[in-house]
$ cat work.txt   # compact mmCIF, C-alpha atoms and all ligand atoms
# COMPACT_ATOMS: atom_id res chain seq x y z
CA THR D 332 79.73 123.88 152.44
CA ARG D 333 82.88 121.99 153.45
CA SER D 334 83.87 122.27 157.12
CA THR D 335 87.10 124.02 158.11
CA ARG D 336 90.10 122.33 159.75
CA PRO D 337 89.40 124.05 163.09
CA GLN D 338 85.80 122.80 162.96
CA ARG D 339 87.02 119.23 162.28
CA MET D 340 89.46 119.62 165.20
CA LEU D 341 86.59 120.71 167.48
CA LYS D 342 84.55 117.64 166.40
CA ALA D 343 87.52 115.41 167.26
CA VAL D 344 87.71 117.01 170.74
CA GLN D 345 83.95 116.56 171.31
CA LYS D 346 84.21 112.92 170.16
CA ASN D 347 87.44 111.83 171.89
CA ALA D 348 87.95 114.05 174.96
CA THR D 349 86.17 114.10 178.32
CA LYS D 350 84.28 117.30 179.12
CA GLY D 351 86.01 119.25 181.91
CA ASN D 352 89.28 117.34 181.50
CA PRO D 353 91.98 119.62 179.98
CA GLU D 354 94.55 116.80 179.64
CA SER D 355 92.11 114.78 177.48
CA VAL D 356 91.43 117.86 175.29
CA ILE D 357 95.19 118.35 174.76
CA SER D 358 95.64 114.64 173.92
CA ALA D 359 92.65 114.62 171.54
CA ILE D 360 94.06 117.61 169.58
CA ASP D 361 97.56 116.09 169.41
CA TYR D 362 96.04 112.76 168.23
CA PHE D 363 94.00 114.59 165.55
CA CYS D 364 97.10 116.47 164.32
CA LYS D 365 99.29 113.37 164.25
CA ASN D 366 96.74 111.02 162.67
CA SER D 367 94.28 113.15 160.69
CA GLU D 368 95.38 116.68 159.78
CA TRP D 369 98.42 118.77 160.69
CA ALA D 370 97.49 122.05 162.39
CA MET D 371 99.56 124.94 163.76
CA ASN D 372 99.13 124.26 167.49
CA VAL D 373 102.31 124.60 169.56
CA GLY D 374 102.08 120.80 169.91
CA ASP D 375 103.21 118.27 172.51
CA GLU D 376 107.02 118.66 172.33
CA LYS D 377 107.11 122.47 172.50
CA GLY D 378 104.00 122.32 174.70
CA SER D 379 105.97 120.49 177.40
CA ILE D 380 108.57 123.28 177.35
CA LEU D 381 105.72 125.85 177.57
CA ASP D 382 104.32 123.94 180.57
CA SER D 383 107.69 123.99 182.37
CA VAL D 384 108.19 127.74 181.84
CA VAL D 385 104.61 128.55 183.00
CA THR D 386 105.07 126.35 186.07
CA GLU D 387 108.44 128.02 186.86
CA VAL D 388 107.01 131.57 186.47
CA ASN D 389 103.68 130.75 188.21
CA PRO D 390 102.26 134.00 186.76
CA SER D 391 99.42 136.11 188.17
CA THR D 392 98.92 137.98 184.87
CA VAL D 393 99.19 136.21 181.50
CA LEU D 394 98.81 137.35 177.87
CA GLU D 395 98.74 135.07 174.80
CA LEU D 396 99.00 136.49 171.26
CA GLY D 397 97.44 134.18 168.69
CA THR D 398 94.79 131.87 170.18
CA TYR D 399 94.13 129.83 167.00
CA CYS D 400 92.00 126.89 168.31
CA GLY D 401 92.90 127.36 171.98
CA TYR D 402 95.37 124.47 172.36
CA SER D 403 98.09 126.53 174.06
CA THR D 404 95.40 128.52 175.89
CA VAL D 405 94.23 125.23 177.49
CA ARG D 406 97.85 124.18 178.19
CA ILE D 407 98.55 127.45 180.02
CA ALA D 408 95.18 127.93 181.77
CA ARG D 409 95.21 124.41 183.28
CA LEU D 410 98.45 125.30 185.14
CA LEU D 411 97.35 128.69 186.56
CA SER D 412 96.71 129.17 190.28
CA PRO D 413 93.04 129.50 191.32
CA GLY D 414 91.74 133.03 190.65
CA THR D 415 94.37 133.74 187.98
CA LYS D 416 93.10 134.55 184.49
CA LEU D 417 94.74 134.78 181.09
CA ILE D 418 93.94 137.18 178.25
CA THR D 419 94.29 135.74 174.74
CA LEU D 420 94.08 137.77 171.53
CA GLU D 421 92.84 136.26 168.24
CA PHE D 422 92.50 138.15 164.95
CA ASN D 423 90.45 135.58 163.01
CA PRO D 424 86.76 135.34 164.14
CA ALA D 425 86.38 131.78 162.81
CA TYR D 426 89.41 130.61 164.84
CA ALA D 427 88.07 132.52 167.90
CA ALA D 428 84.66 130.81 167.62
CA VAL D 429 86.27 127.35 167.66
CA ALA D 430 88.71 128.32 170.43
CA ARG D 431 85.87 129.45 172.72
CA GLN D 432 84.21 126.03 172.34
CA ILE D 433 87.44 124.07 172.91
CA ILE D 434 88.34 126.17 175.99
CA ALA D 435 84.78 125.66 177.33
CA TYR D 436 84.95 121.90 176.64
CA ALA D 437 88.10 121.79 178.79
CA GLY D 438 86.13 123.59 181.54
CA LEU D 439 88.55 126.53 181.59
CA GLN D 440 86.26 129.32 180.34
CA ASP D 441 86.31 131.10 183.74
CA LYS D 442 90.12 131.42 183.57
CA VAL D 443 90.24 132.79 180.01
CA THR D 444 89.31 136.12 178.41
CA LEU D 445 89.43 135.76 174.62
CA VAL D 446 89.51 139.11 172.79
CA GLU D 447 89.07 139.33 169.02
CA GLY D 448 91.18 141.79 167.08
CA PRO D 449 94.69 142.64 165.91
CA SER D 450 97.40 142.81 168.60
CA SER D 451 98.57 146.21 167.31
CA GLU D 452 95.17 147.72 168.22
CA LEU D 453 94.43 145.71 171.38
CA ILE D 454 97.76 145.94 173.23
CA PRO D 455 97.46 149.72 173.85
CA GLN D 456 93.92 149.17 175.22
CA ILE D 457 94.76 146.43 177.72
CA LYS D 458 95.53 148.58 180.77
CA GLU D 459 92.23 150.48 180.69
CA ARG D 460 90.04 147.59 179.41
CA PHE D 461 91.30 144.91 181.79
CA GLY D 462 92.86 146.82 184.71
CA ILE D 463 96.24 145.20 184.17
CA THR D 464 99.40 147.10 185.16
CA THR D 465 102.09 144.64 183.93
CA PHE D 466 102.23 141.03 182.65
CA ASP D 467 104.21 138.33 184.44
CA PHE D 468 104.12 136.02 181.39
CA ILE D 469 103.49 136.59 177.65
CA PHE D 470 103.27 133.81 175.02
CA LEU D 471 103.85 135.04 171.44
CA ASP D 472 102.34 132.79 168.76
CA HIS D 473 100.70 135.16 166.26
CA TRP D 474 101.95 136.73 163.00
CA LYS D 475 105.69 136.17 163.00
CA ASP D 476 106.42 139.65 161.63
CA ARG D 477 104.40 141.17 164.52
CA TYR D 478 106.62 139.75 167.31
CA LEU D 479 109.17 142.61 167.14
CA PRO D 480 106.76 145.56 166.75
CA ASP D 481 104.56 144.12 169.53
CA ILE D 482 107.41 143.66 172.04
CA LYS D 483 108.30 147.31 171.43
CA LEU D 484 104.62 148.15 171.98
CA PHE D 485 104.73 146.30 175.34
CA GLU D 486 107.71 148.49 176.36
CA GLU D 487 106.06 151.74 175.18
CA CYS D 488 102.78 150.89 176.97
CA GLY D 489 104.58 150.04 180.23
CA LEU D 490 103.22 146.47 180.22
CA LEU D 491 106.53 144.88 181.29
CA ARG D 492 108.18 144.88 184.70
CA LYS D 493 111.63 143.70 185.85
CA GLY D 494 111.34 139.90 185.54
CA SER D 495 108.47 139.71 183.02
CA VAL D 496 108.94 136.54 180.94
CA LEU D 497 108.22 136.44 177.20
CA LEU D 498 108.12 133.05 175.46
CA ALA D 499 108.03 133.07 171.65
CA ASP D 500 106.98 130.16 169.42
CA ASN D 501 108.36 129.50 165.89
CA VAL D 502 111.57 131.47 166.20
CA ILE D 503 113.16 129.08 163.63
CA CYS D 504 110.14 127.90 161.57
CA PRO D 505 108.44 129.93 160.11
CA GLY D 506 111.07 132.11 161.84
CA THR D 507 111.26 135.52 163.49
CA PRO D 508 114.81 136.71 162.67
CA GLU D 509 114.35 140.40 163.52
CA TYR D 510 112.72 139.53 166.89
CA LEU D 511 115.53 137.09 167.76
CA GLU D 512 118.22 139.63 166.84
CA TYR D 513 116.50 142.23 169.04
CA VAL D 514 115.97 140.18 172.22
CA ARG D 515 119.41 138.53 171.94
CA ASN D 516 121.29 141.83 171.51
CA SER D 517 119.25 144.19 173.69
CA PRO D 518 120.72 144.99 177.14
CA HIS D 519 117.12 145.03 178.41
CA TYR D 520 116.56 141.27 177.93
CA GLU D 521 118.20 138.03 179.04
CA SER D 522 117.36 135.42 176.35
CA ARG D 523 117.58 131.64 176.12
CA TYR D 524 116.76 129.31 173.22
CA TYR D 525 114.94 125.98 173.76
CA PRO D 526 115.56 123.73 170.73
CA ALA D 527 112.69 121.50 169.60
CA HIS D 528 110.81 120.77 166.37
CA LEU D 529 107.93 122.24 164.40
CA GLU D 530 104.76 120.74 165.89
CA TYR D 531 104.11 117.15 164.77
CA THR D 532 107.14 117.14 162.39
CA LYS D 533 110.92 116.55 162.36
CA VAL D 534 111.58 120.09 161.08
CA GLU D 535 113.81 122.17 163.38
CA ASP D 536 112.04 124.85 165.45
CA GLY D 537 112.23 126.15 169.00
CA LEU D 538 111.07 128.57 171.67
CA GLU D 539 112.91 131.70 172.80
CA LYS D 540 112.48 132.75 176.43
CA SER D 541 113.33 136.40 177.14
CA VAL D 542 113.30 137.97 180.63
CA PHE D 543 112.81 141.77 180.74
CA LEU D 544 115.53 143.33 182.91
CA GLY D 545 113.91 146.80 183.19
N1 LIG V 1 95.66 139.02 167.68
C1 LIG V 1 96.42 138.87 166.57
N2 LIG V 1 97.10 139.92 166.08
C2 LIG V 1 97.82 139.78 164.95
N3 LIG V 1 97.87 138.65 164.22
C3 LIG V 1 97.18 137.60 164.67
C4 LIG V 1 96.46 137.64 165.85
N4 LIG V 1 95.88 136.44 166.05
C5 LIG V 1 96.23 135.67 165.01
N5 LIG V 1 96.96 136.37 164.15
C6 LIG V 1 97.31 135.93 162.84
C7 LIG V 1 98.29 134.79 162.77
O1 LIG V 1 97.84 133.66 163.52
C8 LIG V 1 98.52 132.46 163.28
C9 LIG V 1 100.01 132.66 163.57
N6 LIG V 1 100.75 131.39 163.63
C10 LIG V 1 101.34 130.92 162.53
O2 LIG V 1 101.25 131.51 161.46
C11 LIG V 1 102.08 129.62 162.62
C12 LIG V 1 102.48 128.99 161.43
C13 LIG V 1 103.16 127.77 161.46
C14 LIG V 1 103.57 127.09 160.20
C15 LIG V 1 102.73 127.11 159.09
C16 LIG V 1 103.12 126.47 157.92
C17 LIG V 1 104.35 125.81 157.83
F1 LIG V 1 104.70 125.20 156.70
C18 LIG V 1 105.20 125.80 158.93
C19 LIG V 1 104.82 126.45 160.11
C20 LIG V 1 103.46 127.16 162.70
C21 LIG V 1 103.08 127.79 163.88
O3 LIG V 1 103.35 127.25 165.09
C22 LIG V 1 102.40 129.03 163.85
O4 LIG V 1 102.09 129.61 165.04
MG MG V 2 103.13 128.65 166.66
$ encode --input "work.txt" --output "structure tokens"
Amino acid sequence: TRSTRPQRMLKAVQKNATKGNPESVISAIDYFCKNSEWAMNVGDEKGSILDSVVTEVNPSTVLELGTYCGYSTVRIARLLSPGTKLITLEFNPAYAAVARQIIAYAGLQDKVTLVEGPSSELIPQIKERFGITTFDFIFLDHWKDRYLPDIKLFEECGLLRKGSVLLADNVICPGTPEYLEYVRNSPHYESRYYPAHLEYTKVEDGLEKSVFLG
């Protein structure tokens, strides 16, 4: 049967990247998406903004919603201090299988815990399953209509502390209007928009950074 796009992306990483070198894995995926097949990774332009926010926060506890093929997982994990781990949630088992191999190819498997399942089910389990009290940094990149219910779930589950940073992808395209309205109007968040473009295109998109104020 025909291979899937994530499988072809994995082949491109195995062919063009150097094992244990996260930068080469990132470059190989960006090259594949620019020259072979578009794919919904955060990409190089928004990825640089992601890098700068992760570096600024220097988080000890990290959560990613929506692993896909692990591109942003690799971008984040390569910047974490030694001993720091990130938890990433992926709903689609086929995506998760490819992501595990791409994360391992980058040599970052010891810094990443990939959990399969829907965020709505997994978020309430995080404290007891992973011994986390609160997250310093959360990257939202999953179903766009889950951003708002899931941020409310974070609040209800006590997973945010004063200063927790949430960074959301695709707030313009495909768009998350209800989420934007909430974080921009809530007295509990300080929000800032980073304009950019939809990965590998000229279409307008951007990232929204929201700091929880308690
Ligand atoms: N653990 C979990 N819990 C719940 N749900 C979960 C989950 N894990 C995964 N999912 C399911 C959703 O995963 C993928 C979400 N991402 C996107 O859909 C996406 C789409 C575009 C895009 C597509 C087509 C265009 F024309 C223009 C833009 C661009 C992006 O940058 C995107 O990120
Ligand atoms: Mg995205």
$ closest_residue --input "work.txt" --among "D:Arg336, D:Lys346, D:Lys377, D:Lys442" --to "Glu539 in chain D" --atoms "only C-alpha atoms"
D:Lys377
$ residues_near_ligand --input "work.txt" --ligand "ligand MG 2 (chain V)" --cutoff "9 Å" --atoms "only C-alpha atoms and all ligand atoms" --output "ChimeraX atom specification"
/D:371-374,397,471-475,499-502,504-505,529-530
$ write_last_selection --input "work.txt" --atoms "C-alpha atoms" --output "short mmCIF file (atom, residue, chain, number, x, y, z; two decimals), keeping the file's coordinate frame"
data_model
loop_
_atom_site.label_atom_id
_atom_site.label_comp_id
_atom_site.auth_asym_id
_atom_site.auth_seq_id
_atom_site.Cartn_x
_atom_site.Cartn_y
_atom_site.Cartn_z
CA MET D 371 99.56 124.94 163.76
CA ASN D 372 99.13 124.26 167.49
CA VAL D 373 102.31 124.60 169.56
CA GLY D 374 102.08 120.80 169.91
CA GLY D 397 97.44 134.18 168.69
CA LEU D 471 103.85 135.04 171.44
CA ASP D 472 102.34 132.79 168.76
CA HIS D 473 100.70 135.16 166.26
CA TRP D 474 101.95 136.73 163.00
CA LYS D 475 105.69 136.17 163.00
CA ALA D 499 108.03 133.07 171.65
CA ASP D 500 106.98 130.16 169.42
CA ASN D 501 108.36 129.50 165.89
CA VAL D 502 111.57 131.47 166.20
CA CYS D 504 110.14 127.90 161.57
CA PRO D 505 108.44 129.93 160.11
CA LEU D 529 107.93 122.24 164.40
CA GLU D 530 104.76 120.74 165.89
#
$ atom_distance --input "work.txt" --atom1 "CA of Asp476 in chain D" --atom2 "CA of Ser495 in chain D"
21.5 Å
$ atom_distance --input "work.txt" --atom1 "atom C15 of ligand LIG 1 (chain V)" --atom2 "CA of Ala427 in chain D"
17.9 Å
$ residues_around --input "work.txt" --residues "Pro337 in chain D" --least-positions-apart "4" --cutoff "12 Å" --atoms "only C-alpha atoms" --output "PyMOL selection string"
chain D and resi 333+341-344+360+363-364+368-372+398-402+423-433
$ closest_residue --input "work.txt" --among "D:Glu487, D:Glu447, D:Glu509, D:Asp441" --to "ligand LIG 1 (chain V)" --atoms "only C-alpha atoms and all ligand atoms"
D:Glu447
$ atom_distance --input "work.txt" --atom1 "CA of Ser517 in chain D" --atom2 "CA of Gly545 in chain D"
11.2 Å
$ closest_residue --input "work.txt" --among "D:Pro390, D:Gly378, D:Gly414, D:Pro480" --to "Ser358 in chain D" --atoms "all atoms listed in the file"
D:Gly378
$ residues_around --input "work.txt" --residues "range 460-466 of chain D" --least-positions-apart "6" --cutoff "10 Å" --atoms "only C-alpha atoms" --output "ChimeraX atom specification"
/D:390-394,417-418,444,453,485,488-497
$ axis_aligned_box --input "work.txt" --around "ligand LIG 1 (chain V)" --padding-each-side "3 Å" --output "JSON"
{"center_x": 100.4, "center_y": 132.6, "center_z": 162.2, "size_x": 15.5, "size_y": 20.7, "size_z": 17.0}
$ closest_residue --input "work.txt" --among "D:Glu354, D:Glu512, D:Glu535, D:Glu459" --to "ligand LIG 1 (chain V)" --atoms "only C-alpha atoms and all ligand atoms"
D:Glu535
$ residues_near_point --input "work.txt" --point "(94.5, 126.7, 181.0)" --cutoff "8 Å" --atoms "only C-alpha atoms" --output "NGL selection string"
:D and (353 or 403-411 or 434 or 439 or 442-443)
$ closest_residue --input "work.txt" --among "D:Phe543, D:Tyr362, D:Tyr510, D:Phe422" --to "ligand LIG 1 (chain V)" --atoms "all atoms listed in the file"
D:Phe422
$ closest_residue --input "work.txt" --among "D:Leu420, D:Val388, D:Leu479, D:Ala348" --to "ligand LIG 1 (chain V)" --atoms "only C-alpha atoms and all ligand atoms"
D:Leu420
$ residues_around --input "work.txt" --residues "Tyr436 in chain D" --least-positions-apart "5" --cutoff "8 Å" --atoms "only C-alpha atoms" --output "PDB file with C-alpha atoms, in the coordinates of the input"
ATOM      1  CA  GLN D 345      83.950 116.560 171.310  1.00  0.00           C
ATOM      2  CA  LYS D 350      84.280 117.300 179.120  1.00  0.00           C
ATOM      3  CA  GLY D 351      86.010 119.250 181.910  1.00  0.00           C
ATOM      4  CA  ASN D 352      89.280 117.340 181.500  1.00  0.00           C
ATOM      5  CA  VAL D 356      91.430 117.860 175.290  1.00  0.00           C
TER       6      VAL D 356
END
